[in-house]
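Have a look at the structure below, then the notes.
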Amino acid sequence: MERAVITHAHSDHARFGHAHYLCAEPGRGVLLARLPDIRLDTLPYGQRMTHHGVTLSLHPAGHVLGSAQVRLEYGGQVWVASGDYKLEADGTCDPFEPVRCDTFITESTFGLPIYRWPPQAALMAEIFDWWQANAQAGRASVIYAYTFGKAQRILHGLLRHAGANGLPGPVIVHGALATLNAAYADAGVALPPMSLAIDLAPRSPLLRQALVVAPPSAQRSSWLRRFGDASDAFASGWMQLRGTRRAAVWTGASRCPTMPTGRD
Ligand SMILES: [Zn+2]
């Protein structure tokens with residue numbers, strides 16, 4: 001395409017191959033982390049531009065950093081395409097903003113009534129308690145999460161849940177998360193102090209109190225061996241816990257086919 005409007009930087013919504021890209025201003029860092037060297041223009045949320053007589057603006061979708069609904073107005077008619085969106089605010093991006101329109105084109109990955117999500121705060125409390133119990137028992141807590149969006153939501157949510165009491169141990173992230181974590185931090189999203197596994201001595205006792213955040217692709221990799229007999233879990237809208245201990249099932253509230261299903 002000559003011009004592509006990108007709702008957000010998940011790989012099923014943002015690909016190479018277009019001549020020009022447009023996304024919401026807060027999404028610049030994460031989109032460039034995904035698609036380096038593209039020709040990218042950005043638009044602050046709510047600011048209007050006109051292209052071939054169509055008025056276009058982008059509005060927060062509450063899904064991941066920089067995610068946007070696209071509002072198009074032409075001939076007195078307003079259409080809004082949602083992109084992936086989430087109604088509950090999670091602190092890692094601008095919250096969803098309802099936009100008045102004549103026609104709404106919605107994603108609805110988790111639209112079936114069988115999907116019911118616990119509130120973010122309850123979810124974070126559960127993950128925090130699991131980590132704390134593991135740390136007290138001297139074993140690492142490995143959580144698999146998709147590298148863009150879900151991982152940062154967990155990291156931010158745990159930090160917020162911990163408050164002044166602090167976290168149960170160090171946070172170790174897989175190298176695959178580093179660039180996107182940096183993009184979130186640059187955008188002002190509070191994340192806990194994080195280390196890479198190589199920053200800790202191989203037999204450091206801290207390894208057994210750590211929360212380890214890794215992409216699903218790291219499962220059964222040699223990278224995990226350093227954490228010994230860890231408890232592991234998978235954070236996803238689709239998935240149950242995987243692993244030997246089967247400690248919990250966590251679901252995330254997000255209408256995104258990418259994060260929860262493993263295609264990203
Ligand atoms: Zn998405």
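To be explicit about the labels: the chains of the structure tokens are called A, B, and onward in the order shown, and within each one the residues are counted from 1, while ligands get numbers from 1 in the order they are shown.
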Assign secondary structure with DSSP using the backbone only, and return the residues of segment 2-110 of chain A in alpha helix (DSSP H) as a ChimeraX atom specification. /A:28-34
Shell of 10 Å around Gly157 of chain A, only C-alpha atoms, local chain residues under 3 positions omitted, as a ChimeraX atom specification: /A:90-92,120-121,123-125,127-128,151-154,160-162,190-192
Limited to N, CA and C atoms, could you put the picked residues into a file as a PDB file, in the first residue's frame?
```
ATOM      1  N   ASP A  90      -5.241  -0.514  32.239  1.00  0.00           N
ATOM      2  CA  ASP A  90      -4.226  -1.294  32.951  1.00  0.00           C
ATOM      3  C   ASP A  90      -2.966  -0.492  33.269  1.00  0.00           C
ATOM      4  N   GLY A  91      -2.953   0.784  32.945  1.00  0.00           N
ATOM      5  CA  GLY A  91      -1.820   1.634  33.316  1.00  0.00           C
ATOM      6  C   GLY A  91      -0.660   1.614  32.339  1.00  0.00           C
ATOM      7  N   THR A  92      -0.711   0.740  31.321  1.00  0.00           N
ATOM      8  CA  THR A  92       0.425   0.676  30.392  1.00  0.00           C
ATOM      9  C   THR A  92       0.162   1.432  29.099  1.00  0.00           C
ATOM     10  N   GLN A 120      -8.077  -6.710  36.571  1.00  0.00           N
ATOM     11  CA  GLN A 120      -6.609  -6.698  36.534  1.00  0.00           C
ATOM     12  C   GLN A 120      -6.003  -6.804  37.935  1.00  0.00           C
ATOM     13  N   ALA A 121      -6.579  -6.057  38.882  1.00  0.00           N
ATOM     14  CA  ALA A 121      -5.991  -6.027  40.225  1.00  0.00           C
ATOM     15  C   ALA A 121      -6.024  -7.421  40.860  1.00  0.00           C
ATOM     16  N   LEU A 123      -6.040 -10.266  39.282  1.00  0.00           N
ATOM     17  CA  LEU A 123      -5.082 -11.083  38.540  1.00  0.00           C
ATOM     18  C   LEU A 123      -3.651 -10.848  39.029  1.00  0.00           C
ATOM     19  N   MET A 124      -3.325  -9.576  39.216  1.00  0.00           N
ATOM     20  CA  MET A 124      -1.969  -9.246  39.667  1.00  0.00           C
ATOM     21  C   MET A 124      -1.731  -9.748  41.087  1.00  0.00           C
ATOM     22  N   ALA A 125      -2.759  -9.664  41.927  1.00  0.00           N
ATOM     23  CA  ALA A 125      -2.617 -10.169  43.296  1.00  0.00           C
ATOM     24  C   ALA A 125      -2.330 -11.669  43.278  1.00  0.00           C
ATOM     25  N   ILE A 127      -0.931 -13.459  40.803  1.00  0.00           N
ATOM     26  CA  ILE A 127       0.426 -13.712  40.298  1.00  0.00           C
ATOM     27  C   ILE A 127       1.459 -13.351  41.359  1.00  0.00           C
ATOM     28  N   PHE A 128       1.231 -12.220  42.019  1.00  0.00           N
ATOM     29  CA  PHE A 128       2.149 -11.784  43.072  1.00  0.00           C
ATOM     30  C   PHE A 128       2.242 -12.839  44.170  1.00  0.00           C
ATOM     31  N   ALA A 151       3.635  -8.892  28.491  1.00  0.00           N
ATOM     32  CA  ALA A 151       4.760  -8.885  29.430  1.00  0.00           C
ATOM     33  C   ALA A 151       4.817  -7.568  30.200  1.00  0.00           C
ATOM     34  N   GLN A 152       4.655  -6.463  29.498  1.00  0.00           N
ATOM     35  CA  GLN A 152       4.739  -5.163  30.172  1.00  0.00           C
ATOM     36  C   GLN A 152       3.543  -4.946  31.107  1.00  0.00           C
ATOM     37  N   ARG A 153       2.395  -5.492  30.728  1.00  0.00           N
ATOM     38  CA  ARG A 153       1.224  -5.345  31.597  1.00  0.00           C
ATOM     39  C   ARG A 153       1.453  -6.075  32.922  1.00  0.00           C
ATOM     40  N   ILE A 154       2.042  -7.261  32.846  1.00  0.00           N
ATOM     41  CA  ILE A 154       2.332  -8.014  34.065  1.00  0.00           C
ATOM     42  C   ILE A 154       3.376  -7.285  34.908  1.00  0.00           C
ATOM     43  N   ARG A 160       2.798  -2.174  40.625  1.00  0.00           N
ATOM     44  CA  ARG A 160       1.733  -1.384  41.235  1.00  0.00           C
ATOM     45  C   ARG A 160       1.128  -2.135  42.419  1.00  0.00           C
ATOM     46  N   HIS A 161       0.954  -3.447  42.258  1.00  0.00           N
ATOM     47  CA  HIS A 161       0.385  -4.245  43.340  1.00  0.00           C
ATOM     48  C   HIS A 161       1.314  -4.255  44.561  1.00  0.00           C
ATOM     49  N   ALA A 162       2.611  -4.337  44.318  1.00  0.00           N
ATOM     50  CA  ALA A 162       3.572  -4.424  45.421  1.00  0.00           C
ATOM     51  C   ALA A 162       3.576  -3.138  46.243  1.00  0.00           C
ATOM     52  N   ALA A 190       5.741   2.882  34.163  1.00  0.00           N
ATOM     53  CA  ALA A 190       6.580   2.421  35.272  1.00  0.00           C
ATOM     54  C   ALA A 190       6.761   0.907  35.199  1.00  0.00           C
ATOM     55  N   LEU A 191       7.991   0.467  35.151  1.00  0.00           N
ATOM     56  CA  LEU A 191       8.327  -0.951  35.164  1.00  0.00           C
ATOM     57  C   LEU A 191       9.327  -1.183  36.300  1.00  0.00           C
ATOM     58  N   PRO A 192       9.348  -2.383  36.868  1.00  0.00           N
ATOM     59  CA  PRO A 192      10.298  -2.634  37.965  1.00  0.00           C
ATOM     60  C   PRO A 192      11.732  -2.708  37.434  1.00  0.00           C
TER      61      PRO A 192
END
```
Measure the distance from atom CA of Pro44 of chain A to atom CA of Arg71 of chain A in Å and round it to one decimal.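 Between atom CA of Pro44 of chain A and atom CA of Arg71 of chain A the gap works out to 13.1 Å.
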Tell me which protein, DNA and RNA residues are within 7 Å of segment 193-208 of chain A, counting only C-alpha atoms, leaving out same-chain ones fewer than 5 positions away, and put them as a ChimeraX atom specification. /A:135,138-140,170-175,226-227
As a PDB file with N, CA and C atoms, in the first residue's frame, please: the residues near His8 of chain A (cut-off 12 Å, only C-alpha atoms, same-chain neighbours under 2 positions excluded).
```
ATOM      1  N   ALA A   4      -0.370   3.276   4.866  1.00  0.00           N
ATOM      2  CA  ALA A   4      -1.001   2.338   5.796  1.00  0.00           C
ATOM      3  C   ALA A   4      -1.231   3.038   7.134  1.00  0.00           C
ATOM      4  N   VAL A   5      -2.448   2.914   7.653  1.00  0.00           N
ATOM      5  CA  VAL A   5      -2.749   3.410   8.998  1.00  0.00           C
ATOM      6  C   VAL A   5      -2.678   2.203   9.931  1.00  0.00           C
ATOM      7  N   ILE A   6      -1.814   2.288  10.921  1.00  0.00           N
ATOM      8  CA  ILE A   6      -1.545   1.144  11.786  1.00  0.00           C
ATOM      9  C   ILE A   6      -2.247   1.344  13.123  1.00  0.00           C
ATOM     10  N   HIS A  10       1.288  -4.968  17.017  1.00  0.00           N
ATOM     11  CA  HIS A  10       1.306  -6.440  16.965  1.00  0.00           C
ATOM     12  C   HIS A  10       1.466  -6.900  15.517  1.00  0.00           C
ATOM     13  N   SER A  11       2.098  -8.045  15.354  1.00  0.00           N
ATOM     14  CA  SER A  11       2.552  -8.420  14.014  1.00  0.00           C
ATOM     15  C   SER A  11       1.416  -8.771  13.054  1.00  0.00           C
ATOM     16  N   ASP A  12       0.221  -9.055  13.571  1.00  0.00           N
ATOM     17  CA  ASP A  12      -0.889  -9.282  12.644  1.00  0.00           C
ATOM     18  C   ASP A  12      -1.585  -7.972  12.261  1.00  0.00           C
ATOM     19  N   HIS A  13      -1.074  -6.867  12.748  1.00  0.00           N
ATOM     20  CA  HIS A  13      -1.625  -5.557  12.396  1.00  0.00           C
ATOM     21  C   HIS A  13      -0.580  -4.614  11.830  1.00  0.00           C
ATOM     22  N   ALA A  14       0.670  -4.988  11.880  1.00  0.00           N
ATOM     23  CA  ALA A  14       1.749  -4.099  11.442  1.00  0.00           C
ATOM     24  C   ALA A  14       2.821  -4.936  10.748  1.00  0.00           C
ATOM     25  N   ARG A  15       2.959  -4.700   9.463  1.00  0.00           N
ATOM     26  CA  ARG A  15       3.907  -5.506   8.686  1.00  0.00           C
ATOM     27  C   ARG A  15       4.749  -4.612   7.805  1.00  0.00           C
ATOM     28  N   TYR A  21       3.760   4.907   6.629  1.00  0.00           N
ATOM     29  CA  TYR A  21       2.989   4.420   7.776  1.00  0.00           C
ATOM     30  C   TYR A  21       2.513   5.602   8.611  1.00  0.00           C
ATOM     31  N   LEU A  22       1.343   5.412   9.212  1.00  0.00           N
ATOM     32  CA  LEU A  22       0.838   6.392  10.173  1.00  0.00           C
ATOM     33  C   LEU A  22       0.367   5.634  11.410  1.00  0.00           C
ATOM     34  N   CYS A  23       0.791   6.096  12.588  1.00  0.00           N
ATOM     35  CA  CYS A  23       0.271   5.502  13.828  1.00  0.00           C
ATOM     36  C   CYS A  23       0.109   6.601  14.862  1.00  0.00           C
ATOM     37  N   ALA A  24      -0.517   6.252  15.982  1.00  0.00           N
ATOM     38  CA  ALA A  24      -0.673   7.217  17.076  1.00  0.00           C
ATOM     39  C   ALA A  24       0.700   7.524  17.675  1.00  0.00           C
ATOM     40  N   GLU A  25       0.868   8.754  18.089  1.00  0.00           N
ATOM     41  CA  GLU A  25       2.171   9.210  18.571  1.00  0.00           C
ATOM     42  C   GLU A  25       2.772   8.309  19.669  1.00  0.00           C
ATOM     43  N   PRO A  26       1.998   7.866  20.669  1.00  0.00           N
ATOM     44  CA  PRO A  26       2.624   7.029  21.713  1.00  0.00           C
ATOM     45  C   PRO A  26       3.106   5.674  21.193  1.00  0.00           C
ATOM     46  N   GLY A  27       2.693   5.293  19.991  1.00  0.00           N
ATOM     47  CA  GLY A  27       3.101   4.003  19.445  1.00  0.00           C
ATOM     48  C   GLY A  27       4.387   4.043  18.632  1.00  0.00           C
ATOM     49  N   ARG A  28       4.969   5.222  18.516  1.00  0.00           N
ATOM     50  CA  ARG A  28       6.152   5.351  17.661  1.00  0.00           C
ATOM     51  C   ARG A  28       7.274   4.380  18.068  1.00  0.00           C
ATOM     52  N   GLY A  29       7.612   4.397  19.341  1.00  0.00           N
ATOM     53  CA  GLY A  29       8.743   3.590  19.804  1.00  0.00           C
ATOM     54  C   GLY A  29       8.535   2.098  19.590  1.00  0.00           C
ATOM     55  N   VAL A  30       7.359   1.606  19.933  1.00  0.00           N
ATOM     56  CA  VAL A  30       7.134   0.157  19.803  1.00  0.00           C
ATOM     57  C   VAL A  30       7.005  -0.249  18.338  1.00  0.00           C
ATOM     58  N   LEU A  31       6.430   0.625  17.516  1.00  0.00           N
ATOM     59  CA  LEU A  31       6.309   0.263  16.095  1.00  0.00           C
ATOM     60  C   LEU A  31       7.688   0.230  15.434  1.00  0.00           C
ATOM     61  N   LEU A  32       8.526   1.191  15.786  1.00  0.00           N
ATOM     62  CA  LEU A  32       9.877   1.186  15.209  1.00  0.00           C
ATOM     63  C   LEU A  32      10.724   0.041  15.775  1.00  0.00           C
ATOM     64  N   ARG A  34       9.501  -2.849  16.229  1.00  0.00           N
ATOM     65  CA  ARG A  34       9.025  -3.980  15.438  1.00  0.00           C
ATOM     66  C   ARG A  34       9.422  -3.860  13.974  1.00  0.00           C
ATOM     67  N   LEU A  35       9.295  -2.660  13.417  1.00  0.00           N
ATOM     68  CA  LEU A  35       9.544  -2.432  11.995  1.00  0.00           C
ATOM     69  C   LEU A  35      10.565  -1.299  11.846  1.00  0.00           C
ATOM     70  N   THR A  42       3.388  10.184  12.719  1.00  0.00           N
ATOM     71  CA  THR A  42       2.528   9.909  13.870  1.00  0.00           C
ATOM     72  C   THR A  42       1.561  11.056  14.068  1.00  0.00           C
ATOM     73  N   LEU A  58      -7.129   9.368  15.324  1.00  0.00           N
ATOM     74  CA  LEU A  58      -6.826   8.138  16.066  1.00  0.00           C
ATOM     75  C   LEU A  58      -7.193   8.344  17.536  1.00  0.00           C
ATOM     76  N   HIS A  59      -7.777   7.312  18.133  1.00  0.00           N
ATOM     77  CA  HIS A  59      -8.291   7.436  19.500  1.00  0.00           C
ATOM     78  C   HIS A  59      -7.871   6.215  20.312  1.00  0.00           C
ATOM     79  N   PRO A  60      -7.570   6.398  21.603  1.00  0.00           N
ATOM     80  CA  PRO A  60      -7.020   5.290  22.399  1.00  0.00           C
ATOM     81  C   PRO A  60      -7.901   4.049  22.381  1.00  0.00           C
ATOM     82  N   ALA A  61      -7.247   2.891  22.235  1.00  0.00           N
ATOM     83  CA  ALA A  61      -7.951   1.605  22.224  1.00  0.00           C
ATOM     84  C   ALA A  61      -7.684   0.791  23.485  1.00  0.00           C
ATOM     85  N   GLY A  62      -6.763   1.246  24.346  1.00  0.00           N
ATOM     86  CA  GLY A  62      -6.549   0.590  25.639  1.00  0.00           C
ATOM     87  C   GLY A  62      -5.972  -0.806  25.560  1.00  0.00           C
ATOM     88  N   HIS A  63      -5.344  -1.140  24.454  1.00  0.00           N
ATOM     89  CA  HIS A  63      -4.903  -2.519  24.212  1.00  0.00           C
ATOM     90  C   HIS A  63      -3.415  -2.694  24.518  1.00  0.00           C
ATOM     91  N   VAL A  64      -2.576  -1.956  23.841  1.00  0.00           N
ATOM     92  CA  VAL A  64      -1.133  -1.942  24.093  1.00  0.00           C
ATOM     93  C   VAL A  64      -0.663  -0.507  23.863  1.00  0.00           C
ATOM     94  N   LEU A  65       0.577  -0.239  24.212  1.00  0.00           N
ATOM     95  CA  LEU A  65       1.108   1.111  24.055  1.00  0.00           C
ATOM     96  C   LEU A  65       0.916   1.606  22.617  1.00  0.00           C
ATOM     97  N   GLY A  66       0.261   2.748  22.489  1.00  0.00           N
ATOM     98  CA  GLY A  66       0.061   3.356  21.172  1.00  0.00           C
ATOM     99  C   GLY A  66      -1.114   2.812  20.398  1.00  0.00           C
ATOM    100  N   SER A  67      -1.882   1.884  20.962  1.00  0.00           N
ATOM    101  CA  SER A  67      -2.982   1.283  20.192  1.00  0.00           C
ATOM    102  C   SER A  67      -4.079   2.318  19.945  1.00  0.00           C
ATOM    103  N   ALA A  68      -4.689   2.221  18.759  1.00  0.00           N
ATOM    104  CA  ALA A  68      -5.643   3.254  18.359  1.00  0.00           C
ATOM    105  C   ALA A  68      -6.834   2.672  17.630  1.00  0.00           C
ATOM    106  N   GLN A  69      -7.978   3.299  17.850  1.00  0.00           N
ATOM    107  CA  GLN A  69      -9.119   3.137  16.963  1.00  0.00           C
ATOM    108  C   GLN A  69      -8.974   4.196  15.873  1.00  0.00           C
ATOM    109  N   VAL A  70      -9.443   3.857  14.693  1.00  0.00           N
ATOM    110  CA  VAL A  70      -9.338   4.792  13.573  1.00  0.00           C
ATOM    111  C   VAL A  70     -10.720   5.365  13.290  1.00  0.00           C
ATOM    112  N   SER A  82     -12.146  -0.430  15.203  1.00  0.00           N
ATOM    113  CA  SER A  82     -11.623  -0.510  16.577  1.00  0.00           C
ATOM    114  C   SER A  82     -10.158  -0.929  16.652  1.00  0.00           C
ATOM    115  N   GLY A  83      -9.679  -1.754  15.723  1.00  0.00           N
ATOM    116  CA  GLY A  83      -8.440  -2.476  16.008  1.00  0.00           C
ATOM    117  C   GLY A  83      -8.669  -3.351  17.228  1.00  0.00           C
ATOM    118  N   ASP A  84      -7.628  -3.950  17.769  1.00  0.00           N
ATOM    119  CA  ASP A  84      -7.772  -4.669  19.034  1.00  0.00           C
ATOM    120  C   ASP A  84      -7.994  -3.643  20.132  1.00  0.00           C
ATOM    121  N   TYR A  85      -8.881  -3.944  21.068  1.00  0.00           N
ATOM    122  CA  TYR A  85      -9.133  -2.979  22.134  1.00  0.00           C
ATOM    123  C   TYR A  85      -9.492  -3.693  23.420  1.00  0.00           C
ATOM    124  N   CYS A  93      -1.039   1.970  28.946  1.00  0.00           N
ATOM    125  CA  CYS A  93      -1.344   2.753  27.752  1.00  0.00           C
ATOM    126  C   CYS A  93      -2.567   3.612  28.033  1.00  0.00           C
ATOM    127  N   PHE A 148       5.249  -8.336  23.580  1.00  0.00           N
ATOM    128  CA  PHE A 148       4.760  -6.972  23.415  1.00  0.00           C
ATOM    129  C   PHE A 148       3.346  -6.861  23.963  1.00  0.00           C
ATOM    130  N   GLY A 149       3.221  -6.165  25.051  1.00  0.00           N
ATOM    131  CA  GLY A 149       1.901  -5.907  25.628  1.00  0.00           C
ATOM    132  C   GLY A 149       1.678  -6.702  26.893  1.00  0.00           C
ATOM    133  N   CYS A 256      -7.376  -9.449  21.781  1.00  0.00           N
ATOM    134  CA  CYS A 256      -6.295  -9.447  20.810  1.00  0.00           C
ATOM    135  C   CYS A 256      -6.031 -10.867  20.372  1.00  0.00           C
ATOM    136  N   THR A 258      -3.524 -11.779  18.909  1.00  0.00           N
ATOM    137  CA  THR A 258      -2.089 -11.979  18.833  1.00  0.00           C
ATOM    138  C   THR A 258      -1.505 -12.372  20.187  1.00  0.00           C
TER     139      THR A 258
END
```
Give the strand (DSSP E or B) residues of segment 45-263 of chain A, as DSSP finds them on the backbone, and put them as a ChimeraX atom specification. /A:49-51,54-60,68-74,77-81,85,103-105,141-144,171-173,194-195,211-214,231-235,250,255
Atoms to include: C-alpha atoms. Write the selected residues as a PDB file, in the first residue's frame.
```pdb
ATOM      1  CA  MET A  49      -5.906  15.227   9.525  1.00  0.00           C
ATOM      2  CA  THR A  50      -7.490  15.228   6.090  1.00  0.00           C
ATOM      3  CA  HIS A  51      -6.517  12.877   3.285  1.00  0.00           C
ATOM      4  CA  VAL A  54     -11.574  12.130   4.423  1.00  0.00           C
ATOM      5  CA  THR A  55     -11.002  13.365   7.971  1.00  0.00           C
ATOM      6  CA  LEU A  56      -8.983  10.852   9.956  1.00  0.00           C
ATOM      7  CA  SER A  57      -8.151  10.756  13.650  1.00  0.00           C
ATOM      8  CA  LEU A  58      -6.826   8.138  16.066  1.00  0.00           C
ATOM      9  CA  HIS A  59      -8.291   7.436  19.500  1.00  0.00           C
ATOM     10  CA  PRO A  60      -7.020   5.290  22.399  1.00  0.00           C
ATOM     11  CA  ALA A  68      -5.643   3.254  18.359  1.00  0.00           C
ATOM     12  CA  GLN A  69      -9.119   3.137  16.963  1.00  0.00           C
ATOM     13  CA  VAL A  70      -9.338   4.792  13.573  1.00  0.00           C
ATOM     14  CA  ARG A  71     -12.095   7.370  13.099  1.00  0.00           C
ATOM     15  CA  LEU A  72     -12.974   8.294   9.516  1.00  0.00           C
ATOM     16  CA  GLU A  73     -15.411  11.033   8.599  1.00  0.00           C
ATOM     17  CA  TYR A  74     -16.675  11.689   5.078  1.00  0.00           C
ATOM     18  CA  GLN A  77     -20.852   9.920   8.065  1.00  0.00           C
ATOM     19  CA  VAL A  78     -18.465   8.710  10.757  1.00  0.00           C
ATOM     20  CA  TRP A  79     -16.981   5.219  10.789  1.00  0.00           C
ATOM     21  CA  VAL A  80     -14.725   3.860  13.516  1.00  0.00           C
ATOM     22  CA  ALA A  81     -12.556   0.758  13.143  1.00  0.00           C
ATOM     23  CA  TYR A  85      -9.133  -2.979  22.134  1.00  0.00           C
ATOM     24  CA  THR A 103     -20.759   2.589  11.944  1.00  0.00           C
ATOM     25  CA  PHE A 104     -18.440   0.691  14.295  1.00  0.00           C
ATOM     26  CA  ILE A 105     -16.198  -2.067  12.936  1.00  0.00           C
ATOM     27  CA  SER A 141       8.834 -18.331  39.174  1.00  0.00           C
ATOM     28  CA  VAL A 142       8.895 -18.484  35.393  1.00  0.00           C
ATOM     29  CA  ILE A 143       6.038 -16.794  33.587  1.00  0.00           C
ATOM     30  CA  TYR A 144       5.634 -17.011  29.824  1.00  0.00           C
ATOM     31  CA  VAL A 171      12.863  -9.563  38.083  1.00  0.00           C
ATOM     32  CA  ILE A 172      14.776 -11.288  35.316  1.00  0.00           C
ATOM     33  CA  VAL A 173      13.668 -10.839  31.736  1.00  0.00           C
ATOM     34  CA  MET A 194      15.004  -5.721  35.637  1.00  0.00           C
ATOM     35  CA  SER A 195      18.085  -7.803  35.002  1.00  0.00           C
ATOM     36  CA  LEU A 211      10.344 -13.746  38.721  1.00  0.00           C
ATOM     37  CA  VAL A 212      11.505 -14.719  35.257  1.00  0.00           C
ATOM     38  CA  VAL A 213       9.547 -13.293  32.338  1.00  0.00           C
ATOM     39  CA  ALA A 214      10.162 -15.031  29.034  1.00  0.00           C
ATOM     40  CA  SER A 231       7.489 -23.138  38.992  1.00  0.00           C
ATOM     41  CA  ASP A 232       6.139 -21.997  35.661  1.00  0.00           C
ATOM     42  CA  ALA A 233       2.999 -20.450  34.305  1.00  0.00           C
ATOM     43  CA  PHE A 234       1.591 -19.070  31.108  1.00  0.00           C
ATOM     44  CA  ALA A 235      -0.248 -15.751  31.080  1.00  0.00           C
ATOM     45  CA  TRP A 250      -4.420 -16.923  34.661  1.00  0.00           C
ATOM     46  CA  ARG A 255      -9.347  -8.616  22.765  1.00  0.00           C
TER      47      ARG A 255
END
```
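Closest to ligand 1 among A:Glu107, A:Glu126, A:Asp229, A:Asp186 is A:Glu107, based on only C-alpha atoms and all ligand atoms.
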Which residue, A:Ser108, A:Leu40, A:Pro118, A:Ala182, has the smallest gap to ligand 1 when you use only C-alpha atoms and all ligand atoms?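 That would be A:Ser108, the residue with the smallest distance to ligand 1.
Taking atom CA of Pro95 of chain A and atom CA of Val189 of chain A as endpoints, the distance between them is 13.1 Å.
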